[in-house]
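J.: The structure file work-v5.cif (mmCIF, C-alpha atoms (C1' of nucleotides)) is provided below.
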```cif
data_final
#
loop_
_atom_site.label_atom_id
_atom_site.label_comp_id
_atom_site.auth_asym_id
_atom_site.auth_seq_id
_atom_site.Cartn_x
_atom_site.Cartn_y
_atom_site.Cartn_z
CA MET R 28 21.10 -7.73 34.67
CA PRO R 29 23.66 -5.10 33.71
CA GLU R 30 23.16 -3.86 30.21
CA THR R 31 24.61 -0.92 28.40
CA SER R 32 22.51 1.46 26.39
CA LEU R 33 24.16 0.21 23.23
CA GLU R 34 23.20 -3.37 23.94
CA ARG R 35 19.63 -2.42 24.69
CA GLY R 36 19.50 -0.43 21.50
CA ARG R 37 20.83 -3.32 19.48
CA ALA R 38 18.31 -5.68 21.01
CA THR R 39 15.46 -3.29 20.24
CA ARG R 40 16.65 -2.92 16.67
CA GLU R 41 16.66 -6.69 16.36
CA ARG R 42 13.15 -6.95 17.76
CA LEU R 43 11.96 -4.42 15.21
CA LEU R 44 13.54 -6.41 12.39
CA ARG R 45 11.91 -9.64 13.56
CA ALA R 46 8.54 -7.93 13.96
CA ALA R 47 8.87 -6.50 10.45
CA VAL R 48 9.65 -9.92 8.96
CA ALA R 49 6.57 -11.41 10.59
CA LEU R 50 4.32 -8.56 9.57
CA ILE R 51 5.41 -8.36 5.94
CA GLY R 52 4.23 -11.94 5.56
CA GLU R 53 1.01 -11.33 7.48
CA VAL R 54 -0.26 -8.01 6.19
CA GLY R 55 1.97 -7.32 3.21
CA TRP R 56 4.71 -4.78 2.54
CA ASN R 57 2.35 -1.84 2.33
CA GLY R 58 0.35 -3.05 5.29
CA VAL R 59 3.23 -2.64 7.71
CA THR R 60 2.84 0.75 9.40
CA THR R 61 4.97 2.57 11.93
CA ARG R 62 2.55 1.96 14.76
CA LEU R 63 1.81 -1.66 13.85
CA VAL R 64 5.41 -2.80 13.80
CA ALA R 65 6.13 -0.85 16.99
CA GLU R 66 3.24 -2.52 18.78
CA ARG R 67 4.35 -5.97 17.59
CA ALA R 68 7.87 -5.31 18.81
CA GLY R 69 6.53 -4.01 22.10
CA VAL R 70 7.97 -0.53 21.83
CA ALA R 71 6.66 3.00 21.38
CA PRO R 72 6.00 4.20 17.83
CA GLY R 73 8.78 6.76 17.96
CA VAL R 74 11.41 4.05 18.31
CA VAL R 75 10.99 3.01 14.72
CA HIS R 76 12.27 6.30 13.37
CA TYR R 77 15.02 6.43 15.93
CA HIS R 78 16.58 3.19 14.71
CA PHE R 79 15.63 3.46 11.05
CA GLY R 80 15.44 6.43 8.77
CA SER R 81 12.07 5.39 7.44
CA VAL R 82 9.64 2.51 7.45
CA ALA R 83 10.82 1.50 3.99
CA GLU R 84 14.37 1.29 5.29
CA LEU R 85 13.30 -1.01 8.09
CA LEU R 86 11.39 -3.25 5.71
CA THR R 87 14.29 -3.37 3.28
CA ALA R 88 16.75 -4.43 5.95
CA ALA R 89 14.35 -6.97 7.43
CA SER R 90 13.38 -8.63 4.16
CA LEU R 91 16.92 -8.78 2.82
CA GLY R 92 18.11 -10.40 6.04
CA PHE R 93 15.41 -13.03 5.80
CA VAL R 94 16.01 -13.81 2.13
CA ARG R 95 19.74 -14.01 2.68
CA GLU R 96 19.30 -16.58 5.41
CA LEU R 97 16.76 -18.55 3.41
CA ILE R 98 19.00 -18.74 0.34
CA GLY R 99 21.93 -19.78 2.49
CA GLN R 100 19.95 -22.61 4.01
CA ILE R 101 18.78 -23.89 0.64
CA GLY R 102 22.30 -23.83 -0.75
CA GLU R 103 23.56 -25.72 2.26
CA GLU R 104 20.90 -28.38 1.97
CA LEU R 105 21.58 -28.86 -1.73
CA SER R 106 25.31 -29.28 -1.20
CA ARG R 107 24.57 -32.18 1.11
CA ARG R 108 22.75 -34.20 -1.54
CA PRO R 109 24.76 -36.90 -3.31
CA ASP R 110 23.51 -36.09 -6.81
CA PRO R 111 21.37 -33.52 -8.64
CA GLU R 112 18.42 -35.91 -8.81
CA ALA R 113 18.28 -36.19 -5.03
CA GLY R 114 18.77 -32.46 -4.76
CA LEU R 115 15.87 -31.81 -7.11
CA ASP R 116 13.65 -34.15 -5.14
CA TRP R 117 14.50 -32.34 -1.93
CA LEU R 118 13.99 -28.95 -3.57
CA MET R 119 10.55 -29.80 -4.90
CA GLY R 120 9.63 -31.35 -1.58
CA ALA R 121 10.65 -28.17 0.19
CA VAL R 122 8.61 -26.01 -2.17
CA ALA R 123 5.65 -28.35 -1.69
CA VAL R 124 5.80 -27.76 2.07
CA TYR R 125 5.16 -24.09 1.53
CA ALA R 126 1.51 -23.83 0.62
CA GLY R 127 2.16 -20.37 -0.75
CA ASP R 128 0.12 -18.68 1.91
CA ASP R 129 2.63 -19.09 4.70
CA PRO R 130 4.42 -15.95 5.90
CA ALA R 131 7.77 -17.05 4.46
CA SER R 132 6.47 -17.48 0.91
CA LEU R 133 4.55 -14.25 1.11
CA LEU R 134 7.53 -12.35 2.41
CA VAL R 135 9.63 -13.50 -0.52
CA ALA R 136 6.94 -12.57 -2.99
CA GLU R 137 6.38 -9.20 -1.32
CA THR R 138 10.10 -8.52 -1.43
CA TYR R 139 10.29 -9.30 -5.16
CA LEU R 140 7.48 -6.91 -5.84
CA ALA R 141 8.64 -4.13 -3.55
CA SER R 142 12.04 -4.33 -5.21
CA THR R 143 10.51 -2.96 -8.40
CA ARG R 144 9.82 0.33 -6.59
CA ILE R 145 12.85 0.60 -4.29
CA PRO R 146 16.15 0.77 -6.21
CA GLU R 147 18.27 0.07 -3.14
CA LEU R 148 16.25 -3.07 -2.42
CA ARG R 149 16.35 -4.17 -6.04
CA ASP R 150 20.13 -3.99 -6.22
CA ARG R 151 20.69 -5.91 -3.00
CA LEU R 152 18.07 -8.51 -3.86
CA ALA R 153 19.55 -8.93 -7.32
CA GLU R 154 22.91 -9.71 -5.73
CA LEU R 155 21.35 -12.38 -3.55
CA VAL R 156 19.39 -14.03 -6.35
CA LEU R 157 22.37 -13.91 -8.68
CA GLY R 158 24.51 -15.52 -5.99
CA PHE R 159 21.97 -18.25 -5.54
CA ARG R 160 21.82 -18.92 -9.26
CA ARG R 161 25.61 -19.15 -9.34
CA THR R 162 25.63 -21.55 -6.41
CA LEU R 163 23.02 -23.64 -8.18
CA ALA R 164 24.93 -23.55 -11.47
CA HIS R 165 28.18 -24.51 -9.78
CA TRP R 166 26.49 -27.39 -8.05
CA LEU R 167 24.94 -28.58 -11.31
CA ALA R 168 28.20 -28.25 -13.20
CA GLY R 169 29.95 -30.30 -10.54
CA HIS R 170 27.63 -33.16 -11.40
CA GLY R 171 28.13 -33.03 -15.14
CA VAL R 172 24.91 -31.28 -16.07
CA GLU R 173 25.14 -29.55 -19.43
CA ASP R 174 24.38 -25.83 -19.76
CA PRO R 175 24.48 -25.44 -15.99
CA ASP R 176 23.90 -21.69 -16.09
CA ALA R 177 20.77 -21.94 -18.19
CA VAL R 178 19.41 -24.88 -16.20
CA ALA R 179 20.09 -23.01 -12.96
CA ALA R 180 18.23 -19.96 -14.26
CA LEU R 181 15.29 -22.12 -15.29
CA LEU R 182 15.21 -23.95 -11.96
CA ALA R 183 15.50 -20.79 -9.88
CA ALA R 184 12.70 -19.17 -11.85
CA ALA R 185 10.54 -22.28 -11.67
CA ILE R 186 10.92 -22.42 -7.90
CA ASP R 187 9.72 -18.87 -7.42
CA GLY R 188 6.95 -19.37 -9.94
CA LEU R 189 5.81 -22.57 -8.26
CA VAL R 190 5.48 -20.81 -4.92
CA LEU R 191 3.16 -18.29 -6.56
CA HIS R 192 1.14 -20.92 -8.40
CA HIS R 193 0.91 -23.19 -5.40
CA ARG R 194 -0.84 -20.39 -3.57
CA LEU R 195 -3.43 -20.08 -6.32
CA ASP R 196 -3.87 -23.83 -6.69
CA PRO R 197 -3.26 -25.63 -3.40
CA GLY R 198 -4.14 -28.87 -5.19
CA LEU R 199 -1.04 -28.64 -7.33
CA ASP R 200 1.23 -31.56 -6.42
CA VAL R 201 4.57 -29.81 -6.50
CA ALA R 202 6.58 -32.80 -5.28
CA ALA R 203 5.30 -34.80 -8.25
CA LEU R 204 6.95 -32.34 -10.61
CA ALA R 205 10.42 -33.55 -9.59
CA GLY R 206 10.18 -36.42 -12.07
CA PRO R 207 9.66 -34.37 -15.24
CA ALA R 208 12.01 -31.69 -13.87
CA ARG R 209 14.81 -34.27 -13.90
CA ARG R 210 14.77 -34.12 -17.68
CA LEU R 211 16.53 -30.80 -17.33
CA LEU R 212 19.53 -32.60 -15.85
CA ARG R 213 20.06 -35.11 -18.61
CA LYS R 214 22.69 -34.84 -21.25
CA GLU R 215 21.87 -34.17 -24.86
CA MET W 45 -23.23 12.44 -31.95
CA PRO W 46 -26.34 11.28 -30.09
CA GLU W 47 -25.40 9.30 -27.05
CA THR W 48 -27.54 7.96 -24.27
CA SER W 49 -26.60 8.25 -20.62
CA LEU W 50 -26.07 4.51 -20.49
CA GLU W 51 -23.55 4.60 -23.30
CA ARG W 52 -21.69 7.48 -21.72
CA GLY W 53 -21.62 5.59 -18.42
CA ARG W 54 -20.26 2.49 -20.07
CA ALA W 55 -17.53 4.48 -21.80
CA THR W 56 -16.53 6.13 -18.54
CA ARG W 57 -16.40 2.76 -16.81
CA GLU W 58 -14.15 1.50 -19.57
CA ARG W 59 -11.88 4.51 -19.24
CA LEU W 60 -11.56 3.87 -15.52
CA LEU W 61 -10.62 0.24 -16.15
CA ARG W 62 -7.97 1.22 -18.68
CA ALA W 63 -6.57 3.89 -16.38
CA ALA W 64 -6.43 1.35 -13.55
CA VAL W 65 -4.54 -1.15 -15.71
CA ALA W 66 -1.95 1.45 -16.61
CA LEU W 67 -1.57 2.72 -13.06
CA ILE W 68 -1.26 -0.70 -11.41
CA GLY W 69 1.80 -1.26 -13.55
CA GLU W 70 3.18 2.20 -12.94
CA VAL W 71 2.67 2.81 -9.24
CA GLY W 72 1.65 -0.59 -7.92
CA TRP W 73 -1.62 -2.00 -6.61
CA ASN W 74 -1.48 -0.05 -3.36
CA GLY W 75 -0.32 3.07 -5.13
CA VAL W 76 -3.52 3.43 -7.11
CA THR W 77 -5.77 5.87 -5.26
CA THR W 78 -9.26 7.14 -5.91
CA ARG W 79 -8.05 10.55 -6.98
CA LEU W 80 -5.14 9.29 -9.05
CA VAL W 81 -7.15 6.92 -11.19
CA ALA W 82 -9.89 9.52 -11.61
CA GLU W 83 -7.39 12.10 -12.81
CA ARG W 84 -5.84 9.62 -15.26
CA ALA W 85 -9.24 8.75 -16.64
CA GLY W 86 -10.11 12.43 -16.91
CA VAL W 87 -13.12 12.33 -14.60
CA ALA W 88 -14.06 13.66 -11.17
CA PRO W 89 -13.00 11.60 -8.15
CA GLY W 90 -16.57 10.80 -7.20
CA VAL W 91 -17.10 8.86 -10.40
CA VAL W 92 -14.92 6.02 -9.17
CA HIS W 93 -17.29 5.12 -6.36
CA TYR W 94 -20.28 5.58 -8.57
CA HIS W 95 -19.19 2.87 -11.02
CA PHE W 96 -17.38 0.64 -8.55
CA GLY W 97 -18.15 -0.22 -4.97
CA SER W 98 -14.59 0.37 -3.90
CA VAL W 99 -11.13 0.98 -5.29
CA ALA W 100 -10.24 -2.66 -4.66
CA GLU W 101 -13.22 -3.71 -6.75
CA LEU W 102 -12.07 -1.53 -9.64
CA LEU W 103 -8.54 -2.89 -9.45
CA THR W 104 -9.80 -6.47 -9.29
CA ALA W 105 -11.94 -6.06 -12.38
CA ALA W 106 -9.21 -4.23 -14.27
CA SER W 107 -6.42 -6.67 -13.52
CA LEU W 108 -8.51 -9.75 -14.20
CA GLY W 109 -9.57 -8.34 -17.54
CA PHE W 110 -5.99 -7.70 -18.51
CA VAL W 111 -4.72 -11.10 -17.42
CA ARG W 112 -7.59 -12.83 -19.18
CA GLU W 113 -6.75 -11.14 -22.45
CA LEU W 114 -3.02 -11.78 -22.06
CA ILE W 115 -3.51 -15.48 -21.39
CA GLY W 116 -5.85 -15.74 -24.33
CA GLN W 117 -3.31 -14.19 -26.66
CA ILE W 118 -0.53 -16.48 -25.49
CA GLY W 119 -2.69 -19.55 -25.96
CA GLU W 120 -3.62 -18.42 -29.44
CA GLU W 121 -0.01 -17.82 -30.43
CA LEU W 122 1.05 -21.22 -29.14
CA SER W 123 -1.67 -23.03 -31.02
CA ARG W 124 -0.29 -21.56 -34.25
CA ARG W 125 3.13 -23.15 -33.79
CA PRO W 126 3.80 -26.35 -35.71
CA ASP W 127 5.51 -28.16 -32.82
CA PRO W 128 6.28 -27.68 -29.10
CA GLU W 129 9.88 -26.77 -29.85
CA ALA W 130 8.83 -23.83 -31.97
CA GLY W 131 6.25 -22.91 -29.37
CA LEU W 132 8.86 -22.93 -26.64
CA ASP W 133 11.14 -20.73 -28.71
CA TRP W 134 8.35 -18.24 -29.26
CA LEU W 135 7.38 -18.35 -25.58
CA MET W 136 10.88 -17.64 -24.34
CA GLY W 137 11.29 -14.95 -26.94
CA ALA W 138 8.09 -13.32 -25.75
CA VAL W 139 9.21 -13.42 -22.14
CA ALA W 140 12.57 -11.97 -23.16
CA VAL W 141 10.82 -8.98 -24.69
CA TYR W 142 9.39 -8.10 -21.31
CA ALA W 143 12.26 -6.66 -19.36
CA GLY W 144 10.31 -7.21 -16.17
CA ASP W 145 9.94 -3.52 -15.52
CA ASP W 146 7.32 -2.90 -18.15
CA PRO W 147 3.79 -2.16 -16.97
CA ALA W 148 2.43 -5.48 -18.25
CA SER W 149 4.88 -7.60 -16.28
CA LEU W 150 4.42 -5.52 -13.19
CA LEU W 151 0.67 -5.69 -13.44
CA VAL W 152 0.75 -9.47 -13.56
CA ALA W 153 3.10 -9.63 -10.59
CA GLU W 154 1.02 -7.13 -8.64
CA THR W 155 -2.10 -9.14 -9.36
CA TYR W 156 -0.51 -12.35 -8.11
CA LEU W 157 0.49 -10.66 -4.89
CA ALA W 158 -2.77 -8.81 -4.33
CA SER W 159 -4.62 -12.08 -4.82
CA THR W 160 -3.18 -13.34 -1.55
CA ARG W 161 -5.16 -10.68 0.31
CA ILE W 162 -8.36 -10.52 -1.75
CA PRO W 163 -10.23 -13.85 -1.79
CA GLU W 164 -12.47 -12.83 -4.68
CA LEU W 165 -9.45 -11.96 -6.78
CA ARG W 166 -7.62 -15.11 -5.79
CA ASP W 167 -10.47 -17.36 -6.90
CA ARG W 168 -10.90 -15.68 -10.27
CA LEU W 169 -7.17 -15.54 -10.93
CA ALA W 170 -6.82 -19.19 -9.98
CA GLU W 171 -9.43 -20.06 -12.59
CA LEU W 172 -7.53 -18.18 -15.26
CA VAL W 173 -4.14 -19.67 -14.40
CA LEU W 174 -5.60 -23.15 -14.15
CA GLY W 175 -7.21 -22.69 -17.53
CA PHE W 176 -3.93 -21.59 -19.03
CA ARG W 177 -2.15 -24.60 -17.57
CA ARG W 178 -4.80 -26.86 -19.02
CA THR W 179 -4.47 -25.24 -22.43
CA LEU W 180 -0.72 -25.68 -22.23
CA ALA W 181 -1.04 -29.32 -21.13
CA HIS W 182 -3.51 -30.09 -23.89
CA TRP W 183 -1.21 -28.52 -26.46
CA LEU W 184 1.77 -30.50 -25.14
CA ALA W 185 -0.18 -33.74 -25.05
CA GLY W 186 -1.25 -33.23 -28.63
CA HIS W 187 2.39 -33.29 -29.61
CA GLY W 188 3.28 -36.44 -27.73
CA VAL W 189 4.99 -34.89 -24.73
CA GLU W 190 5.00 -37.19 -21.72
CA ASP W 191 3.56 -36.04 -18.40
CA PRO W 192 1.95 -33.06 -20.12
CA ASP W 193 0.28 -31.83 -16.92
CA ALA W 194 3.50 -31.75 -14.94
CA VAL W 195 5.48 -30.18 -17.78
CA ALA W 196 2.76 -27.58 -18.24
CA ALA W 197 2.86 -26.73 -14.54
CA LEU W 198 6.64 -26.40 -14.65
CA LEU W 199 6.57 -24.25 -17.76
CA ALA W 200 3.83 -21.97 -16.49
CA ALA W 201 5.68 -21.48 -13.21
CA ALA W 202 9.00 -20.93 -14.97
CA ILE W 203 7.47 -18.24 -17.17
CA ASP W 204 6.17 -16.26 -14.21
CA GLY W 205 9.41 -16.79 -12.33
CA LEU W 206 11.47 -15.65 -15.29
CA VAL W 207 9.56 -12.42 -15.54
CA LEU W 208 10.42 -11.71 -11.90
CA HIS W 209 14.07 -12.68 -12.30
CA HIS W 210 14.47 -10.80 -15.54
CA ARG W 211 13.53 -7.63 -13.71
CA LEU W 212 16.24 -8.23 -11.12
CA ASP W 213 18.83 -9.24 -13.69
CA PRO W 214 18.25 -7.49 -17.02
CA GLY W 215 21.37 -9.24 -18.30
CA LEU W 216 19.68 -12.61 -18.10
CA ASP W 217 19.36 -13.96 -21.64
CA VAL W 218 15.90 -15.46 -21.43
CA ALA W 219 15.68 -16.45 -25.07
CA ALA W 220 18.82 -18.55 -24.66
CA LEU W 221 17.01 -20.70 -22.11
CA ALA W 222 14.77 -22.18 -24.78
CA GLY W 223 17.44 -24.75 -25.65
CA PRO W 224 17.76 -26.37 -22.24
CA ALA W 225 14.03 -25.94 -21.68
CA ARG W 226 13.43 -28.23 -24.67
CA ARG W 227 14.70 -31.11 -22.59
CA LEU W 228 11.38 -30.96 -20.79
CA LEU W 229 9.65 -31.99 -24.00
CA ARG W 230 11.66 -35.10 -24.71
CA LYS W 231 10.49 -38.61 -24.06
CA GLU W 232 12.03 -40.77 -21.36
"C1'" DT G 5 25.69 11.00 44.32
"C1'" DG G 6 25.90 13.71 40.13
"C1'" DT G 7 26.80 13.85 34.97
"C1'" DG G 8 26.14 12.75 30.21
"C1'" DA G 9 25.18 9.99 26.31
"C1'" DA G 10 22.06 6.73 24.44
"C1'" DT G 11 17.56 5.30 24.30
"C1'" DT G 12 12.59 5.56 24.90
"C1'" DT G 13 8.20 7.86 25.31
"C1'" DG G 14 3.75 9.50 23.52
"C1'" DG G 15 1.51 13.22 21.73
"C1'" DG G 16 1.33 16.35 17.62
"C1'" DC G 17 1.44 17.75 12.74
"C1'" DA G 18 0.43 18.08 7.88
"C1'" DA G 19 -0.85 15.26 4.19
"C1'" DA G 20 -3.32 11.70 1.96
"C1'" DC G 21 -6.59 8.24 2.17
"C1'" DG G 22 -11.51 5.91 1.02
"C1'" DC G 23 -15.88 6.93 0.73
"C1'" DC G 24 -20.04 9.93 0.86
"C1'" DC G 25 -23.47 13.19 -0.88
"C1'" DA G 26 -26.19 17.33 -2.09
"C1'" DA G 27 -26.33 19.79 -6.17
"C1'" DG G 28 -26.02 20.27 -11.06
"C1'" DG G 29 -25.87 18.83 -16.21
"C1'" DC G 30 -27.51 16.04 -19.98
"C1'" DG G 31 -30.22 13.39 -23.20
"C1'" DG G 32 -34.58 10.78 -24.28
"C1'" DT G 33 -39.79 10.54 -23.51
"C1'" DC G 34 -44.31 12.63 -22.88
"C1'" DG C 218 -41.24 22.89 -22.42
"C1'" DA C 219 -41.68 20.06 -18.19
"C1'" DC C 220 -40.35 15.83 -16.57
"C1'" DC C 221 -37.35 11.89 -15.43
"C1'" DG C 222 -33.45 8.81 -14.89
"C1'" DC C 223 -28.70 8.37 -15.32
"C1'" DC C 224 -24.39 10.31 -14.87
"C1'" DT C 225 -21.13 13.74 -13.12
"C1'" DT C 226 -19.29 17.22 -10.10
"C1'" DG C 227 -16.33 18.78 -6.31
"C1'" DG C 228 -16.14 19.59 -1.72
"C1'" DG C 229 -16.39 17.44 2.96
"C1'" DC C 230 -16.01 13.85 6.66
"C1'" DG C 231 -13.48 10.97 9.69
"C1'" DT C 232 -9.48 8.08 9.77
"C1'" DT C 233 -4.83 6.80 9.13
"C1'" DT C 234 -0.42 7.62 7.57
"C1'" DG C 235 4.93 8.81 8.07
"C1'" DC C 236 7.70 11.44 10.54
"C1'" DC C 237 8.99 14.75 14.23
"C1'" DC C 238 10.38 16.28 18.86
"C1'" DA C 239 10.62 17.95 23.64
"C1'" DA C 240 10.60 15.59 27.76
"C1'" DA C 241 11.45 11.48 30.52
"C1'" DT C 242 14.16 7.33 31.50
"C1'" DT C 243 18.15 4.37 32.01
"C1'" DC C 244 22.77 3.15 33.21
"C1'" DA C 245 27.90 3.27 33.02
"C1'" DC C 246 31.18 6.14 34.87
"C1'" DA C 247 33.30 9.89 37.43
#
```
Kindly transcribe the structure held in the file into structure tokens.
T.:
Amino acid sequence: MPETSLERGRATRERLLRAAVALIGEVGWNGVTTRLVAERAGVAPGVVHYHFGSVAELLTAASLGFVRELIGQIGEELSRRPDPEAGLDWLMGAVAVYAGDDPASLLVAETYLASTRIPELRDRLAELVLGFRRTLAHWLAGHGVEDPDAVAALLAAAIDGLVLHHRLDPGLDVAALAGPARRLLRKE
Amino acid sequence: MPETSLERGRATRERLLRAAVALIGEVGWNGVTTRLVAERAGVAPGVVHYHFGSVAELLTAASLGFVRELIGQIGEELSRRPDPEAGLDWLMGAVAVYAGDDPASLLVAETYLASTRIPELRDRLAELVLGFRRTLAHWLAGHGVEDPDAVAALLAAAIDGLVLHHRLDPGLDVAALAGPARRLLRKE
DNA sequence: TGTGAATTTGGGCAAACGCCCAAGGCGGTC
DNA sequence: GACCGCCTTGGGCGTTTGCCCAAATTCACA
């Protein structure tokens, strides 16, 4: 299996990123240590600081990559729905699937919080969230919803908030909120 | 100023709790250390583990106390409003005041996140949030809003989500969202 | 088969961590 | 004034942390 050093390096870097994504959700942003992520990736501890300047840098890259992909997938799913009502139903259903204690939900929450302490992360995350809100607003506007920007901001915030609350109250029936949420789509 | 040992102890404990509240917002849950909180409170490091079993215990007590008071104040303010529309306006205005990077907002966010790793904290926080949602639902129901429970859940989630998003995008005009949010209050 | 650049190894370092504890105040009670 | 219980002090213990680095390894290429 011929393999150049560069390719091996790239593959190792990728393994570190994947290990970091998994661990942020499992043990939290501050729980991910040099040695832990190295062990999970199956490499020696020193490798971490060869590929990344610091642990924080690794975590930043890993979390941003994950959030970017997640947002892209949501946007794609929404664009497939025939109307905003169907989109809202799907959205609430998707949020309901995440109990709030799954690694994906936790990673997103951890990233939000960590972004308050890491300027670089905050700026990049802000771009992503802003882009998502714009996508949402554009999609709403295309279906005749009034005040699409404001409704998009409310929906985006509600989604993130629901993930947090669902964790605290697993009995919360998120999917059932789609009905009242539809009121946001109606005209004056 | 005659003062018994018990009174002095109580005062010190209170100082530690206040210092912890301030520091959680400033440096984050995991950034609060034994020595840091002791220095802020103006006491020797050993005092922390005399009054509290562990640092986590101190942080749990401090954050829960703060959130409890905050929720109580919000509920009180809402009950003073003549109708849900006015309440919503006040609520959004209050959220808008918090830029998301103030200690209070950060403390709430930190507490949410920490609660995913500390069962004791999660249970107590869940009680508080559930209570707030019930207060909100009761207030909405009293004004003839349909599906008060669902609307309360959506509003509570949106508030927390907006605090997070406002931090990422300081340009977000939260107060302006009150208009579209009113649609949630209307009858079918 | 040798050379060199990229990658990997694993131990080492200083700093910071939570928690502990013997010793020392500091009032209120006899 | 001696005692007693509560509170406070500040240093110490063992552990873990991020990051470093000289040496070893790997593989394409000469």
J.: Wanna dump the chain W-chain G contacts at 12 Å for me, each residue with its shortest atom pair and the distance in Å to one decimal, counting only C-alpha atoms (C1' of nucleotides), ordered by chain and number, as CSV?
T.:
```
residue,atom,partner,partner_atom,distance
W:Met45,CA,G:DG31,C1',11.2
W:Pro46,CA,G:DG31,C1',8.2
W:Glu47,CA,G:DG31,C1',7.4
W:Thr48,CA,G:DG31,C1',6.1
W:Ser49,CA,G:DG31,C1',6.8
W:Leu50,CA,G:DG31,C1',10.2
W:Glu51,CA,G:DG31,C1',11.0
W:Arg52,CA,G:DG31,C1',10.5
W:Asn74,CA,G:DC21,C1',11.2
W:Gly75,CA,G:DC21,C1',10.9
W:Val76,CA,G:DC21,C1',10.9
W:Thr77,CA,G:DC21,C1',7.8
W:Thr78,CA,G:DG22,C1',7.4
W:Arg79,CA,G:DC21,C1',9.5
W:Leu80,CA,G:DC21,C1',11.4
W:Pro89,CA,G:DC23,C1',10.4
W:Gly90,CA,G:DC24,C1',8.8
W:Val91,CA,G:DC23,C1',11.4
W:Val92,CA,G:DC23,C1',10.0
W:His93,CA,G:DC23,C1',7.5
W:Tyr94,CA,G:DC23,C1',10.4
W:Phe96,CA,G:DC23,C1',11.3
W:Gly97,CA,G:DC23,C1',9.4
W:Ser98,CA,G:DG22,C1',8.0
W:Val99,CA,G:DG22,C1',8.0
W:Ala100,CA,G:DG22,C1',10.4
```
J.: May I have the residues from that selection written out with C-alpha atoms, as a PDB file, in the frame of the given file?
T.:
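Resulting contents of part.pdb:
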```
ATOM      1  CA  MET W  45     -23.230  12.440 -31.950  1.00  0.00           C
ATOM      2  CA  PRO W  46     -26.340  11.280 -30.090  1.00  0.00           C
ATOM      3  CA  GLU W  47     -25.400   9.300 -27.050  1.00  0.00           C
ATOM      4  CA  THR W  48     -27.540   7.960 -24.270  1.00  0.00           C
ATOM      5  CA  SER W  49     -26.600   8.250 -20.620  1.00  0.00           C
ATOM      6  CA  LEU W  50     -26.070   4.510 -20.490  1.00  0.00           C
ATOM      7  CA  GLU W  51     -23.550   4.600 -23.300  1.00  0.00           C
ATOM      8  CA  ARG W  52     -21.690   7.480 -21.720  1.00  0.00           C
ATOM      9  CA  ASN W  74      -1.480  -0.050  -3.360  1.00  0.00           C
ATOM     10  CA  GLY W  75      -0.320   3.070  -5.130  1.00  0.00           C
ATOM     11  CA  VAL W  76      -3.520   3.430  -7.110  1.00  0.00           C
ATOM     12  CA  THR W  77      -5.770   5.870  -5.260  1.00  0.00           C
ATOM     13  CA  THR W  78      -9.260   7.140  -5.910  1.00  0.00           C
ATOM     14  CA  ARG W  79      -8.050  10.550  -6.980  1.00  0.00           C
ATOM     15  CA  LEU W  80      -5.140   9.290  -9.050  1.00  0.00           C
ATOM     16  CA  PRO W  89     -13.000  11.600  -8.150  1.00  0.00           C
ATOM     17  CA  GLY W  90     -16.570  10.800  -7.200  1.00  0.00           C
ATOM     18  CA  VAL W  91     -17.100   8.860 -10.400  1.00  0.00           C
ATOM     19  CA  VAL W  92     -14.920   6.020  -9.170  1.00  0.00           C
ATOM     20  CA  HIS W  93     -17.290   5.120  -6.360  1.00  0.00           C
ATOM     21  CA  TYR W  94     -20.280   5.580  -8.570  1.00  0.00           C
ATOM     22  CA  PHE W  96     -17.380   0.640  -8.550  1.00  0.00           C
ATOM     23  CA  GLY W  97     -18.150  -0.220  -4.970  1.00  0.00           C
ATOM     24  CA  SER W  98     -14.590   0.370  -3.900  1.00  0.00           C
ATOM     25  CA  VAL W  99     -11.130   0.980  -5.290  1.00  0.00           C
ATOM     26  CA  ALA W 100     -10.240  -2.660  -4.660  1.00  0.00           C
TER      27      ALA W 100
END
```
J.: Report the distance between atom CA of R:Leu97 and atom CA of R:Glu147 in Å, rounded to one decimal place.
T.: 19.8 Å
J.: Could you list, as a list in words, every residue matched by the PyMOL selection byres ((chain C) within 9 of (chain R)) in this structure?
T.: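 Applying the PyMOL selection byres ((chain C) within 9 of (chain R)) to the structure shown produces DT234, DG235, DC236, DC237, DT243, DC244 and DA245 of chain C.
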J.: Quick check on the file I pasted: which residues fall under the PyMOL selection byres ((chain R) within 6 of (chain W))? Write them as a PyMOL selection string.
T.: chain R and resi 153+177+184-185+187-189+195+204+210-211
J.: Could you jot down the atom CA of R:Ala89 to atom CA of R:Leu44 separation for me, Å, one decimal place?
T.: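 Taking atom CA of R:Ala89 and atom CA of R:Leu44, their separation equals 5.1 Å.
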J.: Could you tell me how far atom CA of W:Gly86 sits from atom CA of W:Gly53, in Å to one decimal place?
T.: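 Separating atom CA of W:Gly53 from atom CA of W:Gly86 is a distance of 13.5 Å.
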J.: Would you compute the box with edges along x, y and z of the file around stretch 67-80 of chain R, including every atom the file lists for it and 8 Å extra on each side, and give its centre and edge lengths in Å to one decimal, as AutoDock Vina command-line options?
T.:
```
--center_x 10.5 --center_y 0.4 --center_z 15.4 --size_x 28.2 --size_y 28.7 --size_z 29.3
```
J.: For the file shown, what are the residues hit by the PyMOL selection byres ((chain R and resi 93) around 10), laid out as a PyMOL selection string?
T.: chain R and resi 44-45+48+88-92+94-99+131+134-135
J.: Kindly indicate which residue among R:Ala113, R:Ala164, R:Ile101, R:Leu86 lies nearest to R:Ala46, using all atoms listed in the file for the distances.
T.: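 Answer, going by the shortest atom-to-atom distance: R:Leu86.
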